[in-house]
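Peer 1: One structure is given below, represented as C-alpha cells, and several questions about it will come after.
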Amino acid sequence: MFGPPRYASRRPSRRRCPYGGGLVPIVALIALTGAGCLELSSPSSPEQIDFQCQIPESEVVATGSGQDGLPSLQNPEIVQATHTGADYLADEDRVIVLDLDGIRLAVPLNILWYHEVVNLEPGGSESAGIVVTHSALSGSSRVFSRGSVGGLTFGVSGFVYQNNLLLYERSAGPSLWQQMTGEAQCGSVVGRSLNPRPSQEMSWGAFRELHPDGLVLGSLQGYQFNYSFYPYGSYRNRNNDRFLYPQAEPDPRRPPKERVLGVPSAAGGQGVAFPFGDLEAGADVQLLRLEGSDGEIVVIWDAEARSAAAFHPRTPDGDPVTLRLEGSILVDEESGSVWRFDGEAVEGERVGERLAPVPDAHPAFWFAWAAFYPETLIGTDPES
C-alpha cells in the first residue's frame, strides 16, 4: 500500500532539554532545533497577511517560526508495529489510528509534536490522499481526505488562530486553513473545506495489543528530532491556564487543558464534548448516547486504552447495532455479539463487522473546543 517500508536501523537519541520540565513562557516564540528541543527566542515583529480572511485578521498570529518552520511530512517512513523503528514509543503515548482498507496505521502524537502535518498517499494516489494533523497547542487531532480538494498537499503556515494550527496548501496560491474545522479561512479559496476522515486516538500499548500486525510511523523521518520527548514542558497539564499566543477567555466549566472528545455534528451543530476527567472517574468501559445530525450517536470509553470514540449504532451498510453493557462487556441485542471499544465485533455471529464511525468527532483540549464551539454541551453533565 505504501511501498516497501524504509526500516529504521538505529534508535533516536534520548537527550533531554535542560528546561524540559518547566512551563514554556507565554511570551516565547518557538523554533525547533535539530536535537528535537524547543529553543526560546524573543518575540519578533508579526508577519503581514496580505490576503482576505473570514476570521479576524487581528487575531491571526505569526508564531515567528515562519512557513514550514515545523516541517510537514510527505509519505513518511512506515514500519511494522513490532519493528525496532517504533521503539521510541512508550505504551502510554497516544497515537491516531486510521483504517486504510483493512490495514491499521498508527500516527503517533510524538511525531506530530514536531511536524503537525503528515500527507499520505495510500496506494500512491493523490486522489486518495489523506492529511493527518495535530495542533500541539490546542491538543486537537484531525484527519481529512485530500481527495475532496483535488489531492492538495498541506504544510504548517507559521500562523495560529486561538492557539490552533493554521495549515497552508502548497499549490493554489496563498491560503490558510483552520485545523479544528478543516475550512479555508484566508486566501483565494476561502469557503472550501476538507472532508473529515474517521480516526480514533488511543494509547500505543492498546494499538499494539489490538493490531500486532499494524503499521506505525518510524523514527527515521530525515530529521534529528527526539521523538521520545514532549517539547512543550508543562503546557499540556490540565489545569495550566497559560497559552503561548493570544487566546479568548477560556470557558470556566472545565479545566483549560483537559482532553475532551468533541462531536461537532451533535446538538444541532452546537457540539457536544465528553471530558476525559469525568470519563476517567467512571467505569472502565462506558457507553453514552446522544443525538447527532445523522441520527443517534454512541460514545464508547475504554479506560485502559484511554480512548473515547463516537459511532453511529449501525454498520456502514446500515444494519442496526443496539449496544448495551453487561458489566464491562459491550454486546448487541440483535445477536448477542461482543463489541470492542474501537467499534469492531470480536465474538459471536457478527465477528469482523464494524460500527459506522462519526467522521467529524475528534479530541482537543477543552479551551480550544469551547473557543470554536462556544455553545457546546457537555455530554457527561446531567443538566446538558
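By convention in this document, the chains of the C-alpha cells carry letters A, B, ... by their order, each chain's residues are numbered from 1, and ligands are numbered from 1 in the order they are shown.
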Check which residues of stretch 119-155 of chain A sit at most 12 Å from stretch 101-114 of chain A using only C-alpha atoms, and return one row each with the closest pair of atoms and their distance in Å to one decimal, ordered by chain and rising number, as JSON lines.

Peer 2:
```
{"residue": "A:Asn119", "atom": "CA", "partner": "A:Val107", "partner_atom": "CA", "distance": 11.2}
{"residue": "A:Leu120", "atom": "CA", "partner": "A:Val107", "partner_atom": "CA", "distance": 10.8}
{"residue": "A:Pro122", "atom": "CA", "partner": "A:Asp101", "partner_atom": "CA", "distance": 9.4}
{"residue": "A:Gly123", "atom": "CA", "partner": "A:Asp101", "partner_atom": "CA", "distance": 10.4}
{"residue": "A:Ala128", "atom": "CA", "partner": "A:Asp101", "partner_atom": "CA", "distance": 11.5}
{"residue": "A:Val131", "atom": "CA", "partner": "A:Val107", "partner_atom": "CA", "distance": 11.0}
{"residue": "A:Val132", "atom": "CA", "partner": "A:Val107", "partner_atom": "CA", "distance": 7.9}
{"residue": "A:Thr133", "atom": "CA", "partner": "A:Leu112", "partner_atom": "CA", "distance": 7.3}
{"residue": "A:His134", "atom": "CA", "partner": "A:Leu112", "partner_atom": "CA", "distance": 6.0}
{"residue": "A:Ser135", "atom": "CA", "partner": "A:Trp113", "partner_atom": "CA", "distance": 7.7}
{"residue": "A:Ala136", "atom": "CA", "partner": "A:Trp113", "partner_atom": "CA", "distance": 5.8}
{"residue": "A:Leu137", "atom": "CA", "partner": "A:Trp113", "partner_atom": "CA", "distance": 9.2}
{"residue": "A:Ser138", "atom": "CA", "partner": "A:Trp113", "partner_atom": "CA", "distance": 11.4}
{"residue": "A:Gly139", "atom": "CA", "partner": "A:Leu109", "partner_atom": "CA", "distance": 9.6}
{"residue": "A:Ser140", "atom": "CA", "partner": "A:Leu109", "partner_atom": "CA", "distance": 10.3}
{"residue": "A:Ser141", "atom": "CA", "partner": "A:Leu109", "partner_atom": "CA", "distance": 8.7}
{"residue": "A:Arg142", "atom": "CA", "partner": "A:Val107", "partner_atom": "CA", "distance": 11.4}
{"residue": "A:Val143", "atom": "CA", "partner": "A:Val107", "partner_atom": "CA", "distance": 10.5}
```

Peer 1: Please produce, as a Markdown table, a per-residue contact table for stretch 286-348 of chain A versus stretch 247-270 of chain A (criterion: any atom at most 6 Å away, only C-alpha atoms considered), showing the nearest atom pair and its distance in Å to one decimal, sorted by chain then residue number.

Peer 2:
```
| residue | atom | partner | partner_atom | distance |
| --- | --- | --- | --- | --- |
| A:Glu291 | CA | A:Ala266 | CA | 5.9 |
| A:Gly292 | CA | A:Ala266 | CA | 4.0 |
| A:Ser293 | CA | A:Ser265 | CA | 5.7 |
```

Peer 1: Using only C-alpha atoms, which protein or nucleic acid residues come within 8 Å of A:Tyr230? Drop anything in the same chain fewer than 2 positions from it, and give the result as a short mmCIF file (atom, residue, chain, number, x, y, z; two decimals) with C-alpha atoms, in the first residue's frame.

Peer 2:
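Below is the file result.cif, written as the result:
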```
data_model
loop_
_atom_site.label_atom_id
_atom_site.label_comp_id
_atom_site.auth_asym_id
_atom_site.auth_seq_id
_atom_site.Cartn_x
_atom_site.Cartn_y
_atom_site.Cartn_z
CA GLY A 20 12.09 20.25 29.55
CA ASN A 110 5.16 12.13 19.32
CA TRP A 113 4.57 17.44 18.06
CA TYR A 227 10.50 11.78 19.21
CA SER A 228 10.54 10.28 22.70
CA TYR A 232 6.33 21.84 25.41
CA GLY A 233 7.20 21.41 29.08
#
```

Peer 1: Enumerate, as a list in words, the complete set of residues in stretch 311-376 of chain A that a backbone-based DSSP assignment places in helix (DSSP H, G or I).

Peer 2: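 Put together, the selection reads Trp366, Phe367, Ala368, Trp369, Ala370, Ala371 and Phe372 of chain A.
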
Peer 1: Could those selected residues go to a file with C-alpha atoms, as a PDB file, in the first residue's frame?

Peer 2:
```pdb
ATOM      1  CA  TRP A 366     -11.223  21.885  26.383  1.00  0.00           C
ATOM      2  CA  PHE A 367     -10.244  25.549  25.935  1.00  0.00           C
ATOM      3  CA  ALA A 368      -9.850  25.054  22.181  1.00  0.00           C
ATOM      4  CA  TRP A 369     -13.018  23.035  21.744  1.00  0.00           C
ATOM      5  CA  ALA A 370     -15.067  25.648  23.639  1.00  0.00           C
ATOM      6  CA  ALA A 371     -13.479  28.501  21.656  1.00  0.00           C
ATOM      7  CA  PHE A 372     -14.667  27.005  18.353  1.00  0.00           C
TER       8      PHE A 372
END
```

Peer 1: Which residue is closest to A:Trp339? Choose from A:Ala303, A:Leu220, A:Val285, A:Leu165 and count only C-alpha atoms.

Peer 2: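 Once distances to A:Trp339 are computed over only C-alpha atoms, the minimum belongs to A:Val285.
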
Peer 1: Using only C-alpha atoms, which of A:Trp204, A:Tyr223, A:His362, A:Phe159 sits nearest A:Glu59?

Peer 2: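 Checking each candidate against A:Glu59, we get A:Phe159 as the closest.
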
Peer 1: Could you tell me how far atom CA of A:Leu176 lies from atom CA of A:Val189, in Å and to one decimal?

Peer 2: 8.8 Å

Peer 1: Which polymer residues have any atom within 12 Å of an atom of stretch 211-217 of chain A, counting only C-alpha atoms, with same-chain residues fewer than 2 positions away left out, as a PyMOL selection string?

Peer 2: chain A and resi 1-2+5-8+73-89+94-100+102-112+118+120+132+204-209+219-221+227+342

Peer 1: Taking only C-alpha atoms into account, name the residue in A:Gln224, A:Gln178, A:Asn164, A:Ser335 that is nearest to A:Ala364.

Peer 2: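 Among A:Gln224, A:Gln178, A:Asn164, A:Ser335, it is A:Asn164 that comes nearest to A:Ala364.
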